[in-house]
$ cat protein33.cif   # mmCIF, N, CA and C atoms
data_upload
#
loop_
_atom_site.group_PDB
_atom_site.id
_atom_site.type_symbol
_atom_site.label_atom_id
_atom_site.label_comp_id
_atom_site.auth_asym_id
_atom_site.auth_seq_id
_atom_site.Cartn_x
_atom_site.Cartn_y
_atom_site.Cartn_z
ATOM 1 N N MET A 229 9.151 5.483 -16.876
ATOM 2 C CA MET A 229 8.226 5.169 -15.798
ATOM 3 C C MET A 229 8.604 3.817 -15.200
ATOM 4 N N ALA A 230 8.472 3.712 -13.916
ATOM 5 C CA ALA A 230 8.796 2.475 -13.201
ATOM 6 C C ALA A 230 7.806 1.376 -13.548
ATOM 7 N N ASP A 231 8.239 0.144 -13.409
ATOM 8 C CA ASP A 231 7.346 -0.981 -13.648
ATOM 9 C C ASP A 231 6.321 -1.084 -12.527
ATOM 10 N N ILE A 232 5.076 -0.949 -12.893
ATOM 11 C CA ILE A 232 3.966 -1.108 -11.965
ATOM 12 C C ILE A 232 3.164 -2.290 -12.470
ATOM 13 N N LYS A 233 2.917 -3.248 -11.598
ATOM 14 C CA LYS A 233 2.168 -4.433 -11.998
ATOM 15 C C LYS A 233 0.670 -4.177 -11.843
ATOM 16 N N ARG A 234 -0.062 -4.523 -12.876
ATOM 17 C CA ARG A 234 -1.520 -4.403 -12.828
ATOM 18 C C ARG A 234 -2.075 -5.609 -12.062
ATOM 19 N N ARG A 235 -2.888 -5.321 -11.054
ATOM 20 C CA ARG A 235 -3.539 -6.364 -10.250
ATOM 21 C C ARG A 235 -5.016 -6.028 -10.144
ATOM 22 N N GLU A 236 -5.837 -7.036 -10.097
ATOM 23 C CA GLU A 236 -7.272 -6.825 -9.935
ATOM 24 C C GLU A 236 -7.550 -6.521 -8.454
ATOM 25 N N PRO A 237 -8.042 -5.321 -8.107
ATOM 26 C CA PRO A 237 -8.217 -4.929 -6.703
ATOM 27 C C PRO A 237 -9.075 -5.895 -5.877
ATOM 28 N N ILE A 238 -10.162 -6.388 -6.456
ATOM 29 C CA ILE A 238 -11.036 -7.305 -5.707
ATOM 30 C C ILE A 238 -10.296 -8.611 -5.400
ATOM 31 N N ILE A 239 -9.515 -9.100 -6.356
ATOM 32 C CA ILE A 239 -8.739 -10.335 -6.142
ATOM 33 C C ILE A 239 -7.693 -10.106 -5.057
ATOM 34 N N VAL A 240 -7.072 -8.938 -5.063
ATOM 35 C CA VAL A 240 -6.072 -8.606 -4.037
ATOM 36 C C VAL A 240 -6.707 -8.680 -2.647
ATOM 37 N N ILE A 241 -7.885 -8.107 -2.501
ATOM 38 C CA ILE A 241 -8.579 -8.115 -1.210
ATOM 39 C C ILE A 241 -8.991 -9.525 -0.822
ATOM 40 N N LEU A 242 -9.567 -10.268 -1.771
ATOM 41 C CA LEU A 242 -9.975 -11.648 -1.481
ATOM 42 C C LEU A 242 -8.783 -12.517 -1.070
ATOM 43 N N LEU A 243 -7.681 -12.408 -1.798
ATOM 44 C CA LEU A 243 -6.496 -13.191 -1.428
ATOM 45 C C LEU A 243 -5.967 -12.806 -0.050
ATOM 46 N N SER A 244 -6.079 -11.538 0.298
ATOM 47 C CA SER A 244 -5.641 -11.095 1.627
ATOM 48 C C SER A 244 -6.474 -11.754 2.720
ATOM 49 N N PHE A 245 -7.785 -11.851 2.493
ATOM 50 C CA PHE A 245 -8.658 -12.501 3.472
ATOM 51 C C PHE A 245 -8.446 -14.010 3.498
ATOM 52 N N ILE A 246 -8.399 -14.630 2.330
ATOM 53 C CA ILE A 246 -8.261 -16.089 2.245
ATOM 54 C C ILE A 246 -6.968 -16.565 2.897
ATOM 55 N N THR A 247 -5.889 -15.801 2.729
ATOM 56 C CA THR A 247 -4.592 -16.199 3.295
ATOM 57 C C THR A 247 -4.370 -15.638 4.696
ATOM 58 N N LEU A 248 -5.421 -15.100 5.287
ATOM 59 C CA LEU A 248 -5.367 -14.527 6.643
ATOM 60 C C LEU A 248 -4.284 -13.454 6.781
ATOM 61 N N GLY A 249 -4.161 -12.644 5.764
ATOM 62 C CA GLY A 249 -3.254 -11.507 5.807
ATOM 63 C C GLY A 249 -1.882 -11.734 5.205
ATOM 64 N N LEU A 250 -1.520 -12.956 4.891
ATOM 65 C CA LEU A 250 -0.189 -13.208 4.323
ATOM 66 C C LEU A 250 -0.034 -12.550 2.958
ATOM 67 N N TYR A 251 -1.072 -12.646 2.128
ATOM 68 C CA TYR A 251 -0.992 -11.994 0.820
ATOM 69 C C TYR A 251 -0.945 -10.479 0.998
ATOM 70 N N TYR A 252 -1.625 -9.959 2.013
ATOM 71 C CA TYR A 252 -1.578 -8.518 2.271
ATOM 72 C C TYR A 252 -0.133 -8.076 2.512
ATOM 73 N N LEU A 253 0.634 -8.845 3.281
ATOM 74 C CA LEU A 253 2.045 -8.510 3.523
ATOM 75 C C LEU A 253 2.843 -8.536 2.220
ATOM 76 N N TYR A 254 2.607 -9.558 1.408
ATOM 77 C CA TYR A 254 3.298 -9.665 0.119
ATOM 78 C C TYR A 254 2.912 -8.485 -0.775
ATOM 79 N N TRP A 255 1.621 -8.181 -0.830
ATOM 80 C CA TRP A 255 1.147 -7.068 -1.643
ATOM 81 C C TRP A 255 1.745 -5.745 -1.164
ATOM 82 N N ALA A 256 1.776 -5.529 0.142
ATOM 83 C CA ALA A 256 2.336 -4.298 0.702
ATOM 84 C C ALA A 256 3.813 -4.176 0.333
ATOM 85 N N TRP A 257 4.540 -5.284 0.391
ATOM 86 C CA TRP A 257 5.959 -5.288 0.035
ATOM 87 C C TRP A 257 6.136 -4.958 -1.450
ATOM 88 N N GLN A 258 5.348 -5.597 -2.292
ATOM 89 C CA GLN A 258 5.448 -5.354 -3.732
ATOM 90 C C GLN A 258 5.075 -3.915 -4.086
ATOM 91 N N THR A 259 3.986 -3.420 -3.557
ATOM 92 C CA THR A 259 3.560 -2.064 -3.894
ATOM 93 C C THR A 259 4.494 -1.021 -3.284
ATOM 94 N N LYS A 260 5.076 -1.330 -2.122
ATOM 95 C CA LYS A 260 6.079 -0.429 -1.536
ATOM 96 C C LYS A 260 7.261 -0.301 -2.482
ATOM 97 N N ASN A 261 7.718 -1.424 -3.023
ATOM 98 C CA ASN A 261 8.843 -1.395 -3.965
ATOM 99 C C ASN A 261 8.484 -0.615 -5.227
ATOM 100 N N GLU A 262 7.267 -0.788 -5.718
ATOM 101 C CA GLU A 262 6.826 -0.061 -6.911
ATOM 102 C C GLU A 262 6.796 1.445 -6.643
ATOM 103 N N MET A 263 6.275 1.850 -5.486
ATOM 104 C CA MET A 263 6.226 3.273 -5.159
ATOM 105 C C MET A 263 7.619 3.838 -4.923
ATOM 106 N N ASN A 264 8.512 3.049 -4.339
ATOM 107 C CA ASN A 264 9.891 3.510 -4.160
ATOM 108 C C ASN A 264 10.571 3.737 -5.509
ATOM 109 N N ARG A 265 10.261 2.899 -6.489
ATOM 110 C CA ARG A 265 10.826 3.118 -7.832
ATOM 111 C C ARG A 265 10.289 4.400 -8.468
ATOM 112 N N LEU A 266 9.133 4.856 -8.017
ATOM 113 C CA LEU A 266 8.578 6.120 -8.494
ATOM 114 C C LEU A 266 9.218 7.318 -7.787
ATOM 115 N N GLY A 267 9.941 7.053 -6.700
ATOM 116 C CA GLY A 267 10.612 8.125 -5.975
ATOM 117 C C GLY A 267 10.282 8.210 -4.496
ATOM 118 N N ALA A 268 9.329 7.404 -4.018
ATOM 119 C CA ALA A 268 8.964 7.423 -2.601
ATOM 120 C C ALA A 268 10.130 6.917 -1.744
ATOM 121 N N LYS A 269 10.074 7.206 -0.485
ATOM 122 C CA LYS A 269 11.111 6.773 0.465
ATOM 123 C C LYS A 269 10.466 5.944 1.578
ATOM 124 N N ILE A 270 9.812 4.861 1.192
ATOM 125 C CA ILE A 270 9.131 4.000 2.163
ATOM 126 C C ILE A 270 10.158 2.999 2.687
ATOM 127 N N PRO A 271 10.319 2.898 4.015
ATOM 128 C CA PRO A 271 11.332 1.990 4.568
ATOM 129 C C PRO A 271 10.964 0.512 4.377
ATOM 130 N N THR A 272 11.871 -0.343 4.776
ATOM 131 C CA THR A 272 11.697 -1.783 4.632
ATOM 132 C C THR A 272 10.388 -2.275 5.241
ATOM 133 N N THR A 273 9.781 -3.239 4.594
ATOM 134 C CA THR A 273 8.491 -3.772 5.028
ATOM 135 C C THR A 273 8.603 -4.537 6.344
ATOM 136 N N ILE A 274 9.793 -4.901 6.741
ATOM 137 C CA ILE A 274 9.985 -5.589 8.029
ATOM 138 C C ILE A 274 9.448 -4.732 9.172
ATOM 139 N N LEU A 275 9.549 -3.418 9.035
ATOM 140 C CA LEU A 275 9.036 -2.519 10.076
ATOM 141 C C LEU A 275 7.529 -2.677 10.270
ATOM 142 N N PHE A 276 6.843 -3.123 9.219
ATOM 143 C CA PHE A 276 5.397 -3.337 9.299
ATOM 144 C C PHE A 276 5.055 -4.421 10.322
ATOM 145 N N LEU A 277 5.982 -5.316 10.583
ATOM 146 C CA LEU A 277 5.741 -6.439 11.491
ATOM 147 C C LEU A 277 6.016 -6.112 12.952
ATOM 148 N N ILE A 278 6.589 -4.946 13.231
ATOM 149 C CA ILE A 278 6.957 -4.567 14.595
ATOM 150 C C ILE A 278 5.874 -3.667 15.181
ATOM 151 N N PRO A 279 5.262 -4.098 16.302
ATOM 152 C CA PRO A 279 4.213 -3.267 16.912
ATOM 153 C C PRO A 279 4.700 -1.849 17.198
ATOM 154 N N ILE A 280 3.856 -0.916 17.091
ATOM 155 C CA ILE A 280 4.065 0.526 17.254
ATOM 156 C C ILE A 280 4.868 1.093 16.079
ATOM 157 N N VAL A 281 5.986 0.475 15.750
ATOM 158 C CA VAL A 281 6.798 0.927 14.615
ATOM 159 C C VAL A 281 5.995 0.791 13.321
ATOM 160 N N ASN A 282 5.072 -0.179 13.297
ATOM 161 C CA ASN A 282 4.272 -0.369 12.086
ATOM 162 C C ASN A 282 3.401 0.857 11.787
ATOM 163 N N TRP A 283 3.096 1.663 12.767
ATOM 164 C CA TRP A 283 2.347 2.900 12.529
ATOM 165 C C TRP A 283 3.200 3.872 11.712
ATOM 166 N N TYR A 284 4.476 3.964 12.086
ATOM 167 C CA TYR A 284 5.412 4.806 11.337
ATOM 168 C C TYR A 284 5.507 4.318 9.893
ATOM 169 N N TRP A 285 5.662 2.985 9.738
ATOM 170 C CA TRP A 285 5.778 2.416 8.398
ATOM 171 C C TRP A 285 4.522 2.728 7.586
ATOM 172 N N MET A 286 3.349 2.548 8.177
ATOM 173 C CA MET A 286 2.100 2.793 7.466
ATOM 174 C C MET A 286 1.982 4.267 7.073
ATOM 175 N N TRP A 287 2.405 5.167 7.956
ATOM 176 C CA TRP A 287 2.377 6.588 7.617
ATOM 177 C C TRP A 287 3.277 6.865 6.416
ATOM 178 N N LYS A 288 4.497 6.301 6.409
ATOM 179 C CA LYS A 288 5.432 6.514 5.294
ATOM 180 C C LYS A 288 4.873 5.911 4.004
ATOM 181 N N TYR A 289 4.210 4.752 4.111
ATOM 182 C CA TYR A 289 3.585 4.115 2.950
ATOM 183 C C TYR A 289 2.504 5.030 2.381
ATOM 184 N N CYS A 290 1.637 5.530 3.252
ATOM 185 C CA CYS A 290 0.545 6.406 2.818
ATOM 186 C C CYS A 290 1.078 7.728 2.274
ATOM 187 N N GLU A 291 2.138 8.215 2.869
ATOM 188 C CA GLU A 291 2.774 9.438 2.397
ATOM 189 C C GLU A 291 3.351 9.224 0.984
ATOM 190 N N GLY A 292 4.022 8.094 0.783
ATOM 191 C CA GLY A 292 4.551 7.766 -0.544
ATOM 192 C C GLY A 292 3.444 7.616 -1.566
ATOM 193 N N TYR A 293 2.359 6.968 -1.170
ATOM 194 C CA TYR A 293 1.203 6.815 -2.056
ATOM 195 C C TYR A 293 0.648 8.185 -2.451
ATOM 196 N N ALA A 294 0.431 9.039 -1.458
ATOM 197 C CA ALA A 294 -0.170 10.345 -1.727
ATOM 198 C C ALA A 294 0.702 11.175 -2.669
ATOM 199 N N LYS A 295 1.994 11.177 -2.419
ATOM 200 C CA LYS A 295 2.885 12.052 -3.185
ATOM 201 C C LYS A 295 3.224 11.507 -4.570
ATOM 202 N N TYR A 296 3.482 10.215 -4.677
ATOM 203 C CA TYR A 296 4.009 9.668 -5.928
ATOM 204 C C TYR A 296 2.991 8.913 -6.777
ATOM 205 N N VAL A 297 1.861 8.544 -6.205
ATOM 206 C CA VAL A 297 0.828 7.872 -6.990
ATOM 207 C C VAL A 297 -0.345 8.821 -7.190
ATOM 208 N N LYS A 298 -0.852 9.369 -6.110
ATOM 209 C CA LYS A 298 -2.014 10.264 -6.168
ATOM 210 C C LYS A 298 -1.615 11.677 -6.585
ATOM 211 N N LYS A 299 -0.351 12.020 -6.424
ATOM 212 C CA LYS A 299 0.195 13.330 -6.797
ATOM 213 C C LYS A 299 -0.382 14.475 -5.969
ATOM 214 N N ASP A 300 -0.542 14.225 -4.658
ATOM 215 C CA ASP A 300 -0.907 15.313 -3.756
ATOM 216 C C ASP A 300 -0.108 15.136 -2.465
ATOM 217 N N GLU A 301 -0.283 16.020 -1.542
ATOM 218 C CA GLU A 301 0.492 15.982 -0.304
ATOM 219 C C GLU A 301 -0.336 15.545 0.893
ATOM 220 N N ASN A 302 -1.528 15.011 0.671
ATOM 221 C CA ASN A 302 -2.426 14.682 1.763
ATOM 222 C C ASN A 302 -2.506 13.169 1.967
ATOM 223 N N ALA A 303 -1.723 12.672 2.919
ATOM 224 C CA ALA A 303 -1.733 11.242 3.229
ATOM 225 C C ALA A 303 -2.748 10.932 4.330
ATOM 226 N N GLY A 304 -3.418 11.935 4.837
ATOM 227 C CA GLY A 304 -4.304 11.766 5.989
ATOM 228 C C GLY A 304 -5.446 10.794 5.796
ATOM 229 N N LEU A 305 -6.189 10.903 4.706
ATOM 230 C CA LEU A 305 -7.339 10.031 4.491
ATOM 231 C C LEU A 305 -6.899 8.570 4.368
ATOM 232 N N MET A 306 -5.871 8.319 3.577
ATOM 233 C CA MET A 306 -5.412 6.939 3.393
ATOM 234 C C MET A 306 -4.878 6.384 4.712
ATOM 235 N N THR A 307 -4.189 7.187 5.485
ATOM 236 C CA THR A 307 -3.684 6.736 6.778
ATOM 237 C C THR A 307 -4.848 6.403 7.700
ATOM 238 N N PHE A 308 -5.883 7.231 7.703
ATOM 239 C CA PHE A 308 -7.075 6.962 8.504
ATOM 240 C C PHE A 308 -7.696 5.623 8.111
ATOM 241 N N LEU A 309 -7.869 5.392 6.812
ATOM 242 C CA LEU A 309 -8.455 4.136 6.339
ATOM 243 C C LEU A 309 -7.589 2.936 6.720
ATOM 244 N N ALA A 310 -6.285 3.093 6.601
ATOM 245 C CA ALA A 310 -5.374 1.985 6.891
ATOM 246 C C ALA A 310 -5.314 1.681 8.390
ATOM 247 N N PHE A 311 -5.359 2.697 9.233
ATOM 248 C CA PHE A 311 -5.211 2.491 10.676
ATOM 249 C C PHE A 311 -6.475 1.956 11.338
ATOM 250 N N PHE A 312 -7.617 2.318 10.833
ATOM 251 C CA PHE A 312 -8.849 1.985 11.529
ATOM 252 C C PHE A 312 -9.607 0.830 10.890
ATOM 253 N N VAL A 313 -8.875 -0.221 10.607
ATOM 254 C CA VAL A 313 -9.392 -1.507 10.163
ATOM 255 C C VAL A 313 -10.237 -1.416 8.890
ATOM 256 N N LEU A 314 -10.039 -0.379 8.134
ATOM 257 C CA LEU A 314 -10.694 -0.273 6.838
ATOM 258 C C LEU A 314 -9.671 -0.539 5.745
ATOM 259 N N PHE A 315 -8.672 -1.363 6.085
ATOM 260 C CA PHE A 315 -7.587 -1.600 5.127
ATOM 261 C C PHE A 315 -8.059 -2.169 3.805
ATOM 262 N N PRO A 316 -9.160 -2.948 3.738
ATOM 263 C CA PRO A 316 -9.582 -3.396 2.403
ATOM 264 C C PRO A 316 -9.960 -2.223 1.490
ATOM 265 N N ILE A 317 -10.561 -1.182 2.060
ATOM 266 C CA ILE A 317 -10.917 -0.008 1.265
ATOM 267 C C ILE A 317 -9.642 0.702 0.815
ATOM 268 N N ALA A 318 -8.713 0.879 1.749
ATOM 269 C CA ALA A 318 -7.434 1.511 1.412
ATOM 270 C C ALA A 318 -6.696 0.686 0.364
ATOM 271 N N GLN A 319 -6.694 -0.635 0.536
ATOM 272 C CA GLN A 319 -6.014 -1.528 -0.399
ATOM 273 C C GLN A 319 -6.643 -1.393 -1.794
ATOM 274 N N TYR A 320 -7.949 -1.336 -1.860
ATOM 275 C CA TYR A 320 -8.655 -1.189 -3.136
ATOM 276 C C TYR A 320 -8.266 0.128 -3.818
ATOM 277 N N ILE A 321 -8.268 1.207 -3.050
ATOM 278 C CA ILE A 321 -7.949 2.526 -3.603
ATOM 279 C C ILE A 321 -6.512 2.572 -4.107
ATOM 280 N N VAL A 322 -5.571 2.092 -3.293
ATOM 281 C CA VAL A 322 -4.160 2.103 -3.689
ATOM 282 C C VAL A 322 -3.954 1.285 -4.958
ATOM 283 N N GLN A 323 -4.509 0.072 -4.989
ATOM 284 C CA GLN A 323 -4.297 -0.776 -6.158
ATOM 285 C C GLN A 323 -4.955 -0.189 -7.407
ATOM 286 N N THR A 324 -6.129 0.388 -7.265
ATOM 287 C CA THR A 324 -6.794 1.014 -8.406
ATOM 288 C C THR A 324 -5.955 2.143 -8.975
ATOM 289 N N ASP A 325 -5.399 2.976 -8.091
ATOM 290 C CA ASP A 325 -4.568 4.090 -8.553
ATOM 291 C C ASP A 325 -3.240 3.602 -9.143
ATOM 292 N N LEU A 326 -2.666 2.541 -8.566
ATOM 293 C CA LEU A 326 -1.447 1.987 -9.162
ATOM 294 C C LEU A 326 -1.730 1.410 -10.543
ATOM 295 N N ASN A 327 -2.891 0.798 -10.716
ATOM 296 C CA ASN A 327 -3.256 0.244 -12.023
ATOM 297 C C ASN A 327 -3.303 1.341 -13.100
ATOM 298 N N LYS A 328 -3.669 2.546 -12.705
ATOM 299 C CA LYS A 328 -3.699 3.656 -13.669
ATOM 300 C C LYS A 328 -2.301 3.986 -14.173
ATOM 301 N N LEU A 329 -1.283 3.696 -13.350
ATOM 302 C CA LEU A 329 0.104 3.956 -13.752
ATOM 303 C C LEU A 329 0.759 2.771 -14.441
ATOM 304 N N ALA A 330 0.108 1.609 -14.388
ATOM 305 C CA ALA A 330 0.672 0.392 -14.975
ATOM 306 C C ALA A 330 0.669 0.491 -16.490
ATOM 307 N N LYS A 331 1.609 -0.205 -17.098
ATOM 308 C CA LYS A 331 1.704 -0.221 -18.561
ATOM 309 C C LYS A 331 0.565 -0.995 -19.161
#
$ encode --input "protein33.cif" --output "structure tokens"
Amino acid sequence: MADIKRREPIIVILLSFITLGLYYLYWAWQTKNEMNRLGAKIPTTILFLIPIVNWYWMWKYCEGYAKYVKKDENAGLMTFLAFFVLFPIAQYIVQTDLNKLAK
């Protein structure tokens, strides 16, 4: 099993707000790498910083989460949460599920 780091979901969200989103970028990069080690094909996080292209990146991230962490093929709900400014909820769900895979 790939190395998955256990993080406290509430702390992840608080740090994202306190750092005005900088920690969110770091967290997204770290969790993208963890999901890629599980077999996902999420592209480089740099795409997240490019307007319009970031939608593609977010879809691939949610798709990787659904398939390799949640073990289903439905990325729709997570993509909806991530796109419509409910990212703290999506962030909480993703981190909670990754924690279940952590050693």
$ closest_residue --input "protein33.cif" --among "A:Gln323, A:Leu309, A:Gly292, A:Gly267" --to "Tyr252 (chain A)" --atoms "only C-alpha atoms"
A:Gln323
$ closest_residue --input "protein33.cif" --among "A:Thr273, A:Ser244, A:Asn264, A:Asn327" --to "Tyr293 (chain A)" --atoms "only N, CA and C atoms"
A:Asn264
$ select_by_dssp --input "protein33.cif" --residues "chain A" --states "alpha helix (DSSP H)" --output "compact mmCIF listing (two decimals) with N, CA and C atoms, in the coordinates of the input"
# COMPACT_ATOMS: atom_id res chain seq x y z
N PRO A 237 -8.04 -5.32 -8.11
CA PRO A 237 -8.22 -4.93 -6.70
C PRO A 237 -9.07 -5.90 -5.88
N ILE A 238 -10.16 -6.39 -6.46
CA ILE A 238 -11.04 -7.30 -5.71
C ILE A 238 -10.30 -8.61 -5.40
N ILE A 239 -9.52 -9.10 -6.36
CA ILE A 239 -8.74 -10.34 -6.14
C ILE A 239 -7.69 -10.11 -5.06
N VAL A 240 -7.07 -8.94 -5.06
CA VAL A 240 -6.07 -8.61 -4.04
C VAL A 240 -6.71 -8.68 -2.65
N ILE A 241 -7.88 -8.11 -2.50
CA ILE A 241 -8.58 -8.12 -1.21
C ILE A 241 -8.99 -9.52 -0.82
N LEU A 242 -9.57 -10.27 -1.77
CA LEU A 242 -9.98 -11.65 -1.48
C LEU A 242 -8.78 -12.52 -1.07
N LEU A 243 -7.68 -12.41 -1.80
CA LEU A 243 -6.50 -13.19 -1.43
C LEU A 243 -5.97 -12.81 -0.05
N SER A 244 -6.08 -11.54 0.30
CA SER A 244 -5.64 -11.10 1.63
C SER A 244 -6.47 -11.75 2.72
N PHE A 245 -7.78 -11.85 2.49
CA PHE A 245 -8.66 -12.50 3.47
C PHE A 245 -8.45 -14.01 3.50
N ILE A 246 -8.40 -14.63 2.33
CA ILE A 246 -8.26 -16.09 2.24
C ILE A 246 -6.97 -16.57 2.90
N LEU A 250 -1.52 -12.96 4.89
CA LEU A 250 -0.19 -13.21 4.32
C LEU A 250 -0.03 -12.55 2.96
N TYR A 251 -1.07 -12.65 2.13
CA TYR A 251 -0.99 -11.99 0.82
C TYR A 251 -0.94 -10.48 1.00
N TYR A 252 -1.62 -9.96 2.01
CA TYR A 252 -1.58 -8.52 2.27
C TYR A 252 -0.13 -8.08 2.51
N LEU A 253 0.63 -8.85 3.28
CA LEU A 253 2.04 -8.51 3.52
C LEU A 253 2.84 -8.54 2.22
N TYR A 254 2.61 -9.56 1.41
CA TYR A 254 3.30 -9.66 0.12
C TYR A 254 2.91 -8.48 -0.78
N TRP A 255 1.62 -8.18 -0.83
CA TRP A 255 1.15 -7.07 -1.64
C TRP A 255 1.74 -5.74 -1.16
N ALA A 256 1.78 -5.53 0.14
CA ALA A 256 2.34 -4.30 0.70
C ALA A 256 3.81 -4.18 0.33
N TRP A 257 4.54 -5.28 0.39
CA TRP A 257 5.96 -5.29 0.04
C TRP A 257 6.14 -4.96 -1.45
N GLN A 258 5.35 -5.60 -2.29
CA GLN A 258 5.45 -5.35 -3.73
C GLN A 258 5.08 -3.92 -4.09
N THR A 259 3.99 -3.42 -3.56
CA THR A 259 3.56 -2.06 -3.89
C THR A 259 4.49 -1.02 -3.28
N LYS A 260 5.08 -1.33 -2.12
CA LYS A 260 6.08 -0.43 -1.54
C LYS A 260 7.26 -0.30 -2.48
N ASN A 261 7.72 -1.42 -3.02
CA ASN A 261 8.84 -1.40 -3.96
C ASN A 261 8.48 -0.62 -5.23
N GLU A 262 7.27 -0.79 -5.72
CA GLU A 262 6.83 -0.06 -6.91
C GLU A 262 6.80 1.44 -6.64
N MET A 263 6.28 1.85 -5.49
CA MET A 263 6.23 3.27 -5.16
C MET A 263 7.62 3.84 -4.92
N ASN A 264 8.51 3.05 -4.34
CA ASN A 264 9.89 3.51 -4.16
C ASN A 264 10.57 3.74 -5.51
N ARG A 265 10.26 2.90 -6.49
CA ARG A 265 10.83 3.12 -7.83
C ARG A 265 10.29 4.40 -8.47
N LEU A 266 9.13 4.86 -8.02
CA LEU A 266 8.58 6.12 -8.49
C LEU A 266 9.22 7.32 -7.79
N VAL A 281 5.99 0.48 15.75
CA VAL A 281 6.80 0.93 14.62
C VAL A 281 6.00 0.79 13.32
N ASN A 282 5.07 -0.18 13.30
CA ASN A 282 4.27 -0.37 12.09
C ASN A 282 3.40 0.86 11.79
N TRP A 283 3.10 1.66 12.77
CA TRP A 283 2.35 2.90 12.53
C TRP A 283 3.20 3.87 11.71
N TYR A 284 4.48 3.96 12.09
CA TYR A 284 5.41 4.81 11.34
C TYR A 284 5.51 4.32 9.89
N TRP A 285 5.66 2.98 9.74
CA TRP A 285 5.78 2.42 8.40
C TRP A 285 4.52 2.73 7.59
N MET A 286 3.35 2.55 8.18
CA MET A 286 2.10 2.79 7.47
C MET A 286 1.98 4.27 7.07
N TRP A 287 2.40 5.17 7.96
CA TRP A 287 2.38 6.59 7.62
C TRP A 287 3.28 6.86 6.42
N LYS A 288 4.50 6.30 6.41
CA LYS A 288 5.43 6.51 5.29
C LYS A 288 4.87 5.91 4.00
N TYR A 289 4.21 4.75 4.11
CA TYR A 289 3.58 4.12 2.95
C TYR A 289 2.50 5.03 2.38
N CYS A 290 1.64 5.53 3.25
CA CYS A 290 0.55 6.41 2.82
C CYS A 290 1.08 7.73 2.27
N GLU A 291 2.14 8.22 2.87
CA GLU A 291 2.77 9.44 2.40
C GLU A 291 3.35 9.22 0.98
N GLY A 292 4.02 8.09 0.78
CA GLY A 292 4.55 7.77 -0.54
C GLY A 292 3.44 7.62 -1.57
N TYR A 293 2.36 6.97 -1.17
CA TYR A 293 1.20 6.82 -2.06
C TYR A 293 0.65 8.18 -2.45
N ALA A 294 0.43 9.04 -1.46
CA ALA A 294 -0.17 10.34 -1.73
C ALA A 294 0.70 11.18 -2.67
N LYS A 295 1.99 11.18 -2.42
CA LYS A 295 2.88 12.05 -3.18
C LYS A 295 3.22 11.51 -4.57
N TYR A 296 3.48 10.22 -4.68
CA TYR A 296 4.01 9.67 -5.93
C TYR A 296 2.99 8.91 -6.78
N GLY A 304 -3.42 11.94 4.84
CA GLY A 304 -4.30 11.77 5.99
C GLY A 304 -5.45 10.79 5.80
N LEU A 305 -6.19 10.90 4.71
CA LEU A 305 -7.34 10.03 4.49
C LEU A 305 -6.90 8.57 4.37
N MET A 306 -5.87 8.32 3.58
CA MET A 306 -5.41 6.94 3.39
C MET A 306 -4.88 6.38 4.71
N THR A 307 -4.19 7.19 5.48
CA THR A 307 -3.68 6.74 6.78
C THR A 307 -4.85 6.40 7.70
N PHE A 308 -5.88 7.23 7.70
CA PHE A 308 -7.08 6.96 8.50
C PHE A 308 -7.70 5.62 8.11
N LEU A 309 -7.87 5.39 6.81
CA LEU A 309 -8.46 4.14 6.34
C LEU A 309 -7.59 2.94 6.72
N ALA A 310 -6.28 3.09 6.60
CA ALA A 310 -5.37 1.98 6.89
C ALA A 310 -5.31 1.68 8.39
N PHE A 311 -5.36 2.70 9.23
CA PHE A 311 -5.21 2.49 10.68
C PHE A 311 -6.48 1.96 11.34
N PHE A 315 -8.67 -1.36 6.08
CA PHE A 315 -7.59 -1.60 5.13
C PHE A 315 -8.06 -2.17 3.80
N PRO A 316 -9.16 -2.95 3.74
CA PRO A 316 -9.58 -3.40 2.40
C PRO A 316 -9.96 -2.22 1.49
N ILE A 317 -10.56 -1.18 2.06
CA ILE A 317 -10.92 -0.01 1.26
C ILE A 317 -9.64 0.70 0.82
N ALA A 318 -8.71 0.88 1.75
CA ALA A 318 -7.43 1.51 1.41
C ALA A 318 -6.70 0.69 0.36
N GLN A 319 -6.69 -0.64 0.54
CA GLN A 319 -6.01 -1.53 -0.40
C GLN A 319 -6.64 -1.39 -1.79
N TYR A 320 -7.95 -1.34 -1.86
CA TYR A 320 -8.65 -1.19 -3.14
C TYR A 320 -8.27 0.13 -3.82
N ILE A 321 -8.27 1.21 -3.05
CA ILE A 321 -7.95 2.53 -3.60
C ILE A 321 -6.51 2.57 -4.11
N VAL A 322 -5.57 2.09 -3.29
CA VAL A 322 -4.16 2.10 -3.69
C VAL A 322 -3.95 1.28 -4.96
N GLN A 323 -4.51 0.07 -4.99
CA GLN A 323 -4.30 -0.78 -6.16
C GLN A 323 -4.96 -0.19 -7.41
N THR A 324 -6.13 0.39 -7.26
CA THR A 324 -6.79 1.01 -8.41
C THR A 324 -5.96 2.14 -8.98
N ASP A 325 -5.40 2.98 -8.09
CA ASP A 325 -4.57 4.09 -8.55
C ASP A 325 -3.24 3.60 -9.14
N LEU A 326 -2.67 2.54 -8.57
CA LEU A 326 -1.45 1.99 -9.16
C LEU A 326 -1.73 1.41 -10.54
N ASN A 327 -2.89 0.80 -10.72
CA ASN A 327 -3.26 0.24 -12.02
C ASN A 327 -3.30 1.34 -13.10
N LYS A 328 -3.67 2.55 -12.70
CA LYS A 328 -3.70 3.66 -13.67
C LYS A 328 -2.30 3.99 -14.17
N LEU A 329 -1.28 3.70 -13.35
CA LEU A 329 0.10 3.96 -13.75
C LEU A 329 0.76 2.77 -14.44
$ atom_distance --input "protein33.cif" --atom1 "atom N of Ile238 (chain A)" --atom2 "atom C of Pro316 (chain A)"
9.0 Å
$ atom_distance --input "protein33.cif" --atom1 "atom N of Thr272 (chain A)" --atom2 "CA of Gln258 (chain A)"
11.8 Å
$ residues_around --input "protein33.cif" --residues "Met263 (chain A)" --least-positions-apart "3" --cutoff "9 Å" --atoms "only C-alpha atoms" --output "PyMOL selection string"
chain A and resi 230+232+258-260+266-270+289+292-293+296-297+326
$ resolve_selection --input "protein33.cif" --expression "the PyMOL selection byres (((chain A and resi 294 and name CA) around 10) and name CA)" --output "list in words"
Ala268, Lys288, Tyr289, Cys290, Glu291, Gly292, Tyr293, Lys295, Tyr296, Val297, Lys298, Lys299, Asp300, Glu301, Asn302, Ala303, Gly304, Leu305, Met306, Thr307 and Val322 of chain A
